[in-house]
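Peer 1: Structure provided below as structure tokens; questions to follow.
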Amino acid sequence: MIGYLIGDDSTIGKPKGVKMQGLGRHHDSKQNQRVKGHSLVQGLYVLLGQHFPLEPRLYRQQATCVQEGVPFQSKIALMIEIIKQFEPPQDTLTHVLLDSWYSAKAIWKAARDRGFLITTALRSNRSVRIPDATSPQGWRWQRLCAYVESLPDAAFVPCAWPRNPEHRVWVHVLNSSVKSLYRCQLIIIRQHLDDPVSRARFWASNDLQADVEQLLTHIARRWDIEVFFEDVKELLGIDHYQLMSAQGLQRYWSLCWIAFSFLEEHRGWLQTQRQRHVTLGEAKRDLQQIHHRLLVAWITDHALQGTPSEQIADLLAA
């Protein structure tokens with residue numbers, strides 16, 4: 001049974017923050033620029049369709065750490081800490097999923113030391129080892145961008161995208177080594193063969209036994225943490241805070257994760273009852289409806305017992 005340990009970071013903009021601890025200027029992918037705010041480094045464990053957020057971590061830039069008198073930890077170090085401290089359930093195989101920012105050898109080593117599988121995105125400027133009969137060692141390093149340009153269309157096979165089986169992507173897999181990593185399967189994904197090669201996406205996985213379909217399943221699973229960030233911002237307001245201390249901020253995020261876990265458990269129950277996929281928003285609305293029905297029943301019960309309306313109002317306000 002595979003459990004996915006997915007890691008990523010999210011920028012929470014605080015343009016008017018002045019005295020808040022932990023503030024810095026971080027890249028916001030939606031605005032495609034650096035913004036003033038906090039950077040949340042997060043792990044999310046996914047097992048049997050259920051999502052379990054791990055302890056939130058606040059990333060501080062070096063200048064912020066000097067100003068606040070705390071030790072500096074890079075995002076890489078924070079992610080390694082998440083991997084080292086994670087305790088998976090018994091009889092499960094853990095697969096770490098990360099984007100290209102975390103495709104560092106130290107992170108791969110941390111996962112390998114724990115006996116975990118790992119799949120990370122790669123930037124096109126990384127290099128892969130390819131055969132070369134003219135080279136003394138029989139191989140050479142080649143940039144990924146150049147490697148994909150050298151491939152004919154026949155090197156790509158059409159595959160269904162796991163999150164949307166009706167959508168087809170074109171995939172090329174090479175069992176080789178990526179520079180500054182270990183031996184792995186290189187996965188190149190193109191949406192359309194007539195797209196510019198600059199739009200190709202690259203991944204590396206140490207699951208050397210996986211076929212193309214299984215590799216795509218691993219890669220598609222990483223999207224869960226993007227959905228997680230969107231849900232907790234929209235439904236739980238993890239960015240709607242005015243807290244001055246870093247400790248208070250992490251406590252607030254932790255409370256949000258507790259609320260998320262409660263909603264996630266109810267979502268799982270609803271899926272079993274309705275025999276279909278249920279969103280976190282649906283779970284929230286269902287709980288609100290349950291609460292409203294119980295509230296109406298409570299007011300009705302007091303009214304039938306002859307409780308004065310003024311007393312009912314006082315009880316509600318208590």
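Identifiers for the structure tokens are assigned positionally: chains receive A, B, ... in sequence, residues are indexed from 1 per chain, and ligands are indexed from 1 in the order shown.
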Could you pull out the strand (DSSP E) residues of segment 104-204 of chain A, going by DSSP on the backbone, and write them as a short mmCIF file (atom, residue, chain, number, x, y, z; two decimals) with all heavy atoms, in the first residue's frame?

Peer 2:
data_model
loop_
_atom_site.label_atom_id
_atom_site.label_comp_id
_atom_site.auth_asym_id
_atom_site.auth_seq_id
_atom_site.Cartn_x
_atom_site.Cartn_y
_atom_site.Cartn_z
N LEU A 117 10.51 5.86 -1.55
CA LEU A 117 10.63 6.23 -2.95
C LEU A 117 10.51 7.75 -3.06
O LEU A 117 9.96 8.40 -2.16
CB LEU A 117 9.54 5.56 -3.79
CG LEU A 117 9.59 4.03 -3.88
CD1 LEU A 117 8.36 3.51 -4.61
CD2 LEU A 117 10.86 3.56 -4.55
N ILE A 118 11.00 8.32 -4.15
CA ILE A 118 10.92 9.76 -4.32
C ILE A 118 10.79 10.11 -5.80
O ILE A 118 11.45 9.49 -6.65
CB ILE A 118 12.14 10.48 -3.69
CG1 ILE A 118 11.99 12.00 -3.85
CG2 ILE A 118 13.45 9.98 -4.27
CD1 ILE A 118 12.99 12.80 -3.02
N THR A 119 9.93 11.05 -6.09
CA THR A 119 9.75 11.59 -7.43
C THR A 119 9.72 13.11 -7.33
O THR A 119 8.95 13.66 -6.53
CB THR A 119 8.45 11.09 -8.08
OG1 THR A 119 8.49 9.66 -8.19
CG2 THR A 119 8.25 11.69 -9.47
N THR A 120 10.57 13.77 -8.11
CA THR A 120 10.63 15.23 -8.08
C THR A 120 10.61 15.78 -9.50
O THR A 120 11.10 15.14 -10.44
CB THR A 120 11.90 15.75 -7.37
OG1 THR A 120 13.05 15.30 -8.09
CG2 THR A 120 11.98 15.25 -5.94
N ALA A 121 10.06 16.98 -9.64
CA ALA A 121 10.14 17.67 -10.93
C ALA A 121 11.56 18.16 -11.15
O ALA A 121 12.35 18.30 -10.20
CB ALA A 121 9.16 18.84 -10.95
N LEU A 122 11.91 18.41 -12.40
CA LEU A 122 13.23 18.90 -12.76
C LEU A 122 13.10 20.13 -13.64
O LEU A 122 12.15 20.25 -14.43
CB LEU A 122 14.02 17.83 -13.52
CG LEU A 122 14.32 16.51 -12.82
CD1 LEU A 122 14.92 15.53 -13.81
CD2 LEU A 122 15.26 16.73 -11.63
N SER A 127 20.95 18.12 -16.24
CA SER A 127 21.60 17.27 -17.25
C SER A 127 21.33 15.80 -16.98
O SER A 127 21.25 15.37 -15.82
CB SER A 127 23.11 17.52 -17.26
OG SER A 127 23.40 18.85 -17.65
N VAL A 128 21.18 15.04 -18.05
CA VAL A 128 20.95 13.61 -17.98
C VAL A 128 22.09 12.90 -18.69
O VAL A 128 22.68 13.42 -19.65
CB VAL A 128 19.59 13.24 -18.62
CG1 VAL A 128 19.56 13.60 -20.10
CG2 VAL A 128 19.28 11.76 -18.41
N ARG A 129 22.43 11.70 -18.22
CA ARG A 129 23.50 10.92 -18.84
C ARG A 129 22.93 10.13 -20.02
O ARG A 129 21.98 9.36 -19.86
CB ARG A 129 24.13 9.96 -17.83
CG ARG A 129 25.43 9.35 -18.34
CD ARG A 129 26.15 8.60 -17.24
NE ARG A 129 25.55 7.28 -17.00
CZ ARG A 129 26.08 6.37 -16.19
NH1 ARG A 129 27.19 6.65 -15.51
NH2 ARG A 129 25.50 5.21 -16.02
N ILE A 130 23.54 10.33 -21.20
CA ILE A 130 23.08 9.63 -22.40
C ILE A 130 24.25 8.88 -23.03
O ILE A 130 25.41 9.27 -22.87
CB ILE A 130 22.47 10.61 -23.44
CG1 ILE A 130 23.53 11.60 -23.92
CG2 ILE A 130 21.26 11.32 -22.85
CD1 ILE A 130 23.08 12.43 -25.10
N PRO A 131 23.98 7.79 -23.74
CA PRO A 131 25.06 7.04 -24.40
C PRO A 131 25.75 7.89 -25.47
O PRO A 131 25.11 8.67 -26.17
CB PRO A 131 24.32 5.85 -25.03
CG PRO A 131 23.03 5.76 -24.28
CD PRO A 131 22.67 7.15 -23.90
N TRP A 139 29.62 7.59 -22.58
CA TRP A 139 28.43 8.41 -22.29
C TRP A 139 28.85 9.85 -22.06
O TRP A 139 30.03 10.16 -21.89
CB TRP A 139 27.68 7.87 -21.07
CG TRP A 139 28.51 7.84 -19.80
CD1 TRP A 139 29.26 6.81 -19.35
CD2 TRP A 139 28.68 8.92 -18.86
NE1 TRP A 139 29.90 7.15 -18.18
CE2 TRP A 139 29.55 8.45 -17.85
CE3 TRP A 139 28.19 10.20 -18.76
CZ2 TRP A 139 29.94 9.22 -16.76
CZ3 TRP A 139 28.57 10.99 -17.68
CH2 TRP A 139 29.44 10.50 -16.69
N ARG A 140 27.86 10.76 -22.02
CA ARG A 140 28.11 12.17 -21.74
C ARG A 140 26.87 12.80 -21.11
O ARG A 140 25.77 12.24 -21.18
CB ARG A 140 28.48 12.92 -23.02
CG ARG A 140 27.39 12.95 -24.08
CD ARG A 140 27.85 13.64 -25.35
NE ARG A 140 26.87 13.50 -26.43
CZ ARG A 140 25.85 14.34 -26.63
NH1 ARG A 140 25.67 15.37 -25.82
NH2 ARG A 140 25.01 14.14 -27.63
N TRP A 141 27.09 13.94 -20.49
CA TRP A 141 25.97 14.68 -19.92
C TRP A 141 25.34 15.57 -21.00
O TRP A 141 26.05 16.17 -21.80
CB TRP A 141 26.41 15.56 -18.76
CG TRP A 141 26.90 14.83 -17.55
CD1 TRP A 141 28.17 14.80 -17.07
CD2 TRP A 141 26.12 14.02 -16.67
NE1 TRP A 141 28.25 14.02 -15.94
CE2 TRP A 141 27.00 13.53 -15.67
CE3 TRP A 141 24.78 13.64 -16.62
CZ2 TRP A 141 26.57 12.69 -14.64
CZ3 TRP A 141 24.36 12.81 -15.59
CH2 TRP A 141 25.24 12.35 -14.62
N GLN A 142 24.01 15.66 -20.99
CA GLN A 142 23.32 16.53 -21.92
C GLN A 142 22.18 17.24 -21.20
O GLN A 142 21.45 16.63 -20.42
CB GLN A 142 22.74 15.75 -23.11
CG GLN A 142 22.13 16.64 -24.18
CD GLN A 142 21.66 15.85 -25.40
OE1 GLN A 142 21.19 14.72 -25.27
NE2 GLN A 142 21.78 16.43 -26.58
N ARG A 143 22.06 18.54 -21.44
CA ARG A 143 20.97 19.30 -20.84
C ARG A 143 19.62 18.72 -21.27
O ARG A 143 19.45 18.28 -22.40
CB ARG A 143 21.04 20.78 -21.27
CG ARG A 143 22.22 21.55 -20.67
CD ARG A 143 21.97 21.85 -19.19
NE ARG A 143 23.03 22.63 -18.60
CZ ARG A 143 23.01 23.96 -18.52
NH1 ARG A 143 22.00 24.64 -19.03
NH2 ARG A 143 24.01 24.60 -17.95
N VAL A 157 5.09 8.24 -26.30
CA VAL A 157 3.91 7.38 -26.39
C VAL A 157 2.72 8.11 -25.78
O VAL A 157 2.86 8.83 -24.79
CB VAL A 157 4.14 6.04 -25.67
CG1 VAL A 157 5.24 5.26 -26.34
CG2 VAL A 157 4.47 6.26 -24.19
N PRO A 158 1.53 7.97 -26.37
CA PRO A 158 0.33 8.62 -25.81
C PRO A 158 -0.15 7.88 -24.57
O PRO A 158 -0.20 6.65 -24.55
CB PRO A 158 -0.68 8.53 -26.95
CG PRO A 158 -0.26 7.33 -27.74
CD PRO A 158 1.24 7.25 -27.62
N CYS A 159 -0.49 8.63 -23.54
CA CYS A 159 -0.97 8.04 -22.28
C CYS A 159 -2.13 8.88 -21.74
O CYS A 159 -2.18 10.09 -21.94
CB CYS A 159 0.14 7.99 -21.23
SG CYS A 159 1.55 6.97 -21.68
N ALA A 160 -3.03 8.23 -21.05
CA ALA A 160 -4.12 8.94 -20.38
C ALA A 160 -3.61 9.58 -19.11
O ALA A 160 -2.86 8.96 -18.36
CB ALA A 160 -5.27 7.98 -20.08
N TRP A 161 -4.00 10.83 -18.86
CA TRP A 161 -3.60 11.52 -17.65
C TRP A 161 -4.44 11.00 -16.49
O TRP A 161 -5.68 11.01 -16.56
CB TRP A 161 -3.78 13.02 -17.82
CG TRP A 161 -3.27 13.82 -16.65
CD1 TRP A 161 -4.00 14.61 -15.82
CD2 TRP A 161 -1.91 13.91 -16.20
NE1 TRP A 161 -3.19 15.19 -14.88
CE2 TRP A 161 -1.90 14.76 -15.08
CE3 TRP A 161 -0.71 13.34 -16.62
CZ2 TRP A 161 -0.74 15.07 -14.38
CZ3 TRP A 161 0.44 13.64 -15.92
CH2 TRP A 161 0.43 14.49 -14.82
N ASN A 164 -7.52 12.85 -15.24
CA ASN A 164 -8.56 13.05 -16.24
C ASN A 164 -8.29 12.07 -17.38
O ASN A 164 -7.60 12.41 -18.35
CB ASN A 164 -8.56 14.49 -16.76
CG ASN A 164 -9.63 14.73 -17.81
OD1 ASN A 164 -10.50 13.88 -18.04
ND2 ASN A 164 -9.57 15.88 -18.47
N PRO A 165 -8.79 10.85 -17.29
CA PRO A 165 -8.47 9.82 -18.28
C PRO A 165 -8.80 10.20 -19.71
O PRO A 165 -8.25 9.61 -20.65
CB PRO A 165 -9.32 8.62 -17.81
CG PRO A 165 -9.54 8.85 -16.34
CD PRO A 165 -9.65 10.35 -16.20
N GLU A 166 -9.71 11.17 -19.91
CA GLU A 166 -10.05 11.58 -21.26
C GLU A 166 -8.97 12.48 -21.87
O GLU A 166 -8.96 12.70 -23.08
CB GLU A 166 -11.39 12.30 -21.27
CG GLU A 166 -12.57 11.41 -20.87
CD GLU A 166 -13.89 12.15 -20.91
OE1 GLU A 166 -13.87 13.35 -21.24
OE2 GLU A 166 -14.93 11.53 -20.64
N HIS A 167 -8.10 13.02 -21.00
CA HIS A 167 -7.02 13.88 -21.49
C HIS A 167 -5.78 13.04 -21.78
O HIS A 167 -5.35 12.24 -20.96
CB HIS A 167 -6.68 14.95 -20.45
CG HIS A 167 -5.55 15.84 -20.84
ND1 HIS A 167 -5.60 16.65 -21.94
CD2 HIS A 167 -4.33 16.03 -20.28
CE1 HIS A 167 -4.46 17.32 -22.05
NE2 HIS A 167 -3.67 16.95 -21.06
N ARG A 168 -5.20 13.22 -22.97
CA ARG A 168 -4.05 12.44 -23.38
C ARG A 168 -2.79 13.30 -23.37
O ARG A 168 -2.81 14.45 -23.81
CB ARG A 168 -4.26 11.85 -24.77
CG ARG A 168 -3.18 10.86 -25.20
CD ARG A 168 -3.54 10.19 -26.50
NE ARG A 168 -3.63 11.14 -27.61
CZ ARG A 168 -3.78 10.80 -28.89
NH1 ARG A 168 -3.89 9.52 -29.20
NH2 ARG A 168 -3.85 11.71 -29.83
N VAL A 169 -1.71 12.74 -22.84
CA VAL A 169 -0.41 13.40 -22.87
C VAL A 169 0.58 12.47 -23.57
O VAL A 169 0.33 11.27 -23.73
CB VAL A 169 0.10 13.73 -21.44
CG1 VAL A 169 -0.81 14.75 -20.77
CG2 VAL A 169 0.22 12.46 -20.59
N TRP A 170 1.72 13.04 -23.96
CA TRP A 170 2.75 12.28 -24.67
C TRP A 170 3.96 12.15 -23.75
O TRP A 170 4.44 13.14 -23.21
CB TRP A 170 3.11 12.97 -25.97
CG TRP A 170 1.94 13.02 -26.91
CD1 TRP A 170 0.96 13.96 -26.94
CD2 TRP A 170 1.63 12.07 -27.93
NE1 TRP A 170 0.04 13.66 -27.91
CE2 TRP A 170 0.42 12.51 -28.55
CE3 TRP A 170 2.24 10.91 -28.40
CZ2 TRP A 170 -0.16 11.81 -29.59
CZ3 TRP A 170 1.65 10.21 -29.44
CH2 TRP A 170 0.47 10.66 -30.02
N VAL A 171 4.43 10.92 -23.57
CA VAL A 171 5.42 10.64 -22.53
C VAL A 171 6.63 9.89 -23.11
O VAL A 171 6.48 8.98 -23.94
CB VAL A 171 4.79 9.80 -21.40
CG1 VAL A 171 5.79 9.61 -20.26
CG2 VAL A 171 3.51 10.44 -20.89
N HIS A 172 7.80 10.30 -22.64
CA HIS A 172 9.04 9.58 -22.94
C HIS A 172 9.73 9.26 -21.62
O HIS A 172 9.84 10.12 -20.74
CB HIS A 172 9.96 10.46 -23.81
CG HIS A 172 11.33 9.87 -24.00
ND1 HIS A 172 11.59 8.87 -24.90
CD2 HIS A 172 12.53 10.14 -23.37
CE1 HIS A 172 12.88 8.55 -24.86
NE2 HIS A 172 13.47 9.31 -23.94
N VAL A 173 10.19 8.02 -21.46
CA VAL A 173 10.84 7.58 -20.22
C VAL A 173 12.22 7.05 -20.55
O VAL A 173 12.39 6.26 -21.50
CB VAL A 173 10.01 6.51 -19.49
CG1 VAL A 173 10.75 6.02 -18.25
CG2 VAL A 173 8.64 7.06 -19.11
N LEU A 174 13.20 7.47 -19.77
CA LEU A 174 14.58 7.01 -19.95
C LEU A 174 15.14 6.58 -18.59
O LEU A 174 15.10 7.35 -17.63
CB LEU A 174 15.45 8.14 -20.52
CG LEU A 174 16.96 7.86 -20.63
CD1 LEU A 174 17.22 6.78 -21.68
CD2 LEU A 174 17.73 9.14 -20.94
N ASN A 175 15.66 5.36 -18.54
CA ASN A 175 16.30 4.87 -17.32
C ASN A 175 17.78 5.26 -17.39
O ASN A 175 18.54 4.71 -18.18
CB ASN A 175 16.15 3.35 -17.23
CG ASN A 175 16.51 2.83 -15.85
OD1 ASN A 175 17.51 3.24 -15.27
ND2 ASN A 175 15.69 1.92 -15.33
N SER A 176 18.16 6.23 -16.56
CA SER A 176 19.52 6.77 -16.64
C SER A 176 19.86 7.43 -15.31
O SER A 176 19.31 7.07 -14.27
CB SER A 176 19.62 7.76 -17.81
OG SER A 176 20.96 8.21 -17.96
N SER A 177 20.76 8.42 -15.35
CA SER A 177 21.12 9.19 -14.16
C SER A 177 20.99 10.66 -14.47
O SER A 177 21.32 11.11 -15.57
CB SER A 177 22.57 8.89 -13.73
OG SER A 177 22.71 7.54 -13.36
N ARG A 183 20.68 7.32 -9.80
CA ARG A 183 20.06 6.64 -10.93
C ARG A 183 18.54 6.74 -10.77
O ARG A 183 18.00 6.58 -9.67
CB ARG A 183 20.50 5.18 -11.01
CG ARG A 183 20.00 4.50 -12.29
CD ARG A 183 20.79 3.27 -12.63
NE ARG A 183 20.44 2.81 -13.99
CZ ARG A 183 21.04 3.24 -15.08
NH1 ARG A 183 22.01 4.14 -14.99
NH2 ARG A 183 20.68 2.80 -16.28
N CYS A 184 17.88 6.97 -11.88
CA CYS A 184 16.44 7.22 -11.80
C CYS A 184 15.79 6.96 -13.16
O CYS A 184 16.47 6.67 -14.15
CB CYS A 184 16.18 8.66 -11.36
SG CYS A 184 16.81 9.88 -12.55
N GLN A 185 14.50 7.07 -13.17
CA GLN A 185 13.76 7.11 -14.43
C GLN A 185 13.45 8.57 -14.73
O GLN A 185 12.83 9.26 -13.91
CB GLN A 185 12.48 6.29 -14.34
CG GLN A 185 12.70 4.80 -14.16
CD GLN A 185 11.56 3.97 -14.72
OE1 GLN A 185 11.39 3.88 -15.92
NE2 GLN A 185 10.78 3.38 -13.82
N LEU A 186 13.89 9.04 -15.88
CA LEU A 186 13.58 10.39 -16.34
C LEU A 186 12.27 10.34 -17.11
O LEU A 186 12.12 9.54 -18.04
CB LEU A 186 14.70 10.92 -17.23
CG LEU A 186 14.41 12.23 -17.99
CD1 LEU A 186 14.31 13.39 -17.01
CD2 LEU A 186 15.49 12.49 -19.03
N ILE A 187 11.33 11.17 -16.73
CA ILE A 187 10.02 11.21 -17.39
C ILE A 187 9.86 12.58 -18.04
O ILE A 187 9.98 13.61 -17.37
CB ILE A 187 8.87 10.97 -16.40
CG1 ILE A 187 9.11 9.69 -15.61
CG2 ILE A 187 7.53 10.90 -17.12
CD1 ILE A 187 9.59 9.90 -14.19
N ILE A 188 9.60 12.59 -19.34
CA ILE A 188 9.35 13.82 -20.08
C ILE A 188 7.90 13.80 -20.54
O ILE A 188 7.46 12.84 -21.18
CB ILE A 188 10.29 13.96 -21.29
CG1 ILE A 188 11.75 13.88 -20.83
CG2 ILE A 188 10.04 15.26 -22.03
CD1 ILE A 188 12.75 13.88 -21.97
N ILE A 189 7.17 14.86 -20.22
CA ILE A 189 5.74 14.92 -20.55
C ILE A 189 5.49 16.13 -21.45
O ILE A 189 5.90 17.25 -21.14
CB ILE A 189 4.88 15.03 -19.28
CG1 ILE A 189 5.12 13.82 -18.37
CG2 ILE A 189 3.40 15.13 -19.64
CD1 ILE A 189 4.39 13.90 -17.04
N ARG A 190 4.80 15.87 -22.55
CA ARG A 190 4.39 16.94 -23.46
C ARG A 190 2.88 16.86 -23.64
O ARG A 190 2.31 15.78 -23.78
CB ARG A 190 5.10 16.80 -24.81
CG ARG A 190 6.62 16.89 -24.71
CD ARG A 190 7.29 16.72 -26.06
NE ARG A 190 7.01 17.86 -26.94
CZ ARG A 190 7.48 17.96 -28.18
NH1 ARG A 190 8.24 16.98 -28.68
NH2 ARG A 190 7.19 19.00 -28.92
N ARG A 201 7.71 19.12 -19.76
CA ARG A 201 7.92 19.05 -18.32
C ARG A 201 8.72 17.80 -17.99
O ARG A 201 8.51 16.74 -18.57
CB ARG A 201 6.58 19.06 -17.57
CG ARG A 201 5.80 20.36 -17.76
CD ARG A 201 6.55 21.51 -17.13
NE ARG A 201 5.89 22.80 -17.35
CZ ARG A 201 6.23 23.67 -18.29
NH1 ARG A 201 7.23 23.36 -19.12
NH2 ARG A 201 5.60 24.80 -18.43
N PHE A 202 9.62 17.94 -16.99
CA PHE A 202 10.57 16.88 -16.68
C PHE A 202 10.42 16.43 -15.22
O PHE A 202 10.24 17.26 -14.32
CB PHE A 202 12.01 17.36 -16.91
CG PHE A 202 12.24 17.93 -18.28
CD1 PHE A 202 12.09 19.29 -18.53
CD2 PHE A 202 12.61 17.11 -19.33
CE1 PHE A 202 12.30 19.82 -19.79
CE2 PHE A 202 12.83 17.62 -20.60
CZ PHE A 202 12.68 18.98 -20.83
N TRP A 203 10.54 15.11 -15.03
CA TRP A 203 10.46 14.52 -13.69
C TRP A 203 11.51 13.43 -13.56
O TRP A 203 11.90 12.82 -14.56
CB TRP A 203 9.08 13.92 -13.44
CG TRP A 203 7.98 14.93 -13.44
CD1 TRP A 203 7.38 15.49 -14.53
CD2 TRP A 203 7.35 15.51 -12.30
NE1 TRP A 203 6.42 16.39 -14.13
CE2 TRP A 203 6.37 16.43 -12.77
CE3 TRP A 203 7.50 15.34 -10.93
CZ2 TRP A 203 5.57 17.16 -11.91
CZ3 TRP A 203 6.70 16.07 -10.07
CH2 TRP A 203 5.75 16.97 -10.56
N ALA A 204 11.94 13.20 -12.33
CA ALA A 204 12.86 12.09 -12.05
C ALA A 204 12.28 11.27 -10.91
O ALA A 204 11.76 11.82 -9.92
CB ALA A 204 14.24 12.61 -11.66
#

Peer 1: Give me the residues within 9 Å of segment 227-241 of chain A as a PyMOL selection string, counting only C-alpha atoms and dropping any in the same chain fewer than 5 places off.

Peer 2: chain A and resi 10+12-14+44+51+53+249+252-253+256-257+259-260+280-281+284

Peer 1: Would you mind listing what lies within 12 Å of Gly115 of chain A as a PyMOL selection string, with only C-alpha atoms counted and same-chain residues fewer than 2 positions away left out?

Peer 2: chain A and resi 83-84+87-88+92-96+108-113+117-118+206-207

Peer 1: Using only C-alpha atoms, which of the listed residues (A:Leu98, A:Leu151, A:Met20, A:Ala220) sits closest to Arg163 of chain A?

Peer 2: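 Counting only C-alpha atoms, the residue closest to Arg163 of chain A is A:Ala220.
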
Peer 1: With only C-alpha atoms as the basis for distance, which of A:Arg285, A:His38, A:His277, A:His291 is at the shortest distance from Gly22 of chain A?

Peer 2: A:His38

Peer 1: Which of these residues is nearest to Val66 of chain A, using only C-alpha atoms: A:Cys145, A:Ala200, A:Gln21, A:Met79?

Peer 2: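 Answer, going by the shortest atom-to-atom distance: A:Gln21.
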
Peer 1: May I ask which of the residues A:Ala154, A:Ile225, A:Leu144, A:Val212 is the closest one to Gln42 of chain A, counting only C-alpha atoms?

Peer 2: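 Of A:Ala154, A:Ile225, A:Leu144, A:Val212, the one nearest Gln42 of chain A, counting only C-alpha atoms, is A:Ile225.
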
Peer 1: Write out as a PyMOL selection string the set of residues from segment 39-277 of chain A that DSSP, computed on the backbone, places in alpha helix (DSSP H).

Peer 2: chain A and resi 62-68+75-85+105-113+144-150+212-221+223-235+246-274

Peer 1: Determine the nearest neighbour of Phe156 of chain A from the options A:Met244, A:Ala106, A:Leu193, A:Ala133, counting only C-alpha atoms.

Peer 2: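 Between A:Met244, A:Ala106, A:Leu193, A:Ala133, the residue approaching Phe156 of chain A most closely is A:Leu193.
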
Peer 1: Hey, what's within 12 Å of segment 32-36 of chain A if we count only C-alpha atoms and toss same-chain stuff fewer than 3 positions away? As an MDAnalysis selection string, please?

Peer 2: chainID A and resid 10:18 20 22:29 39 61
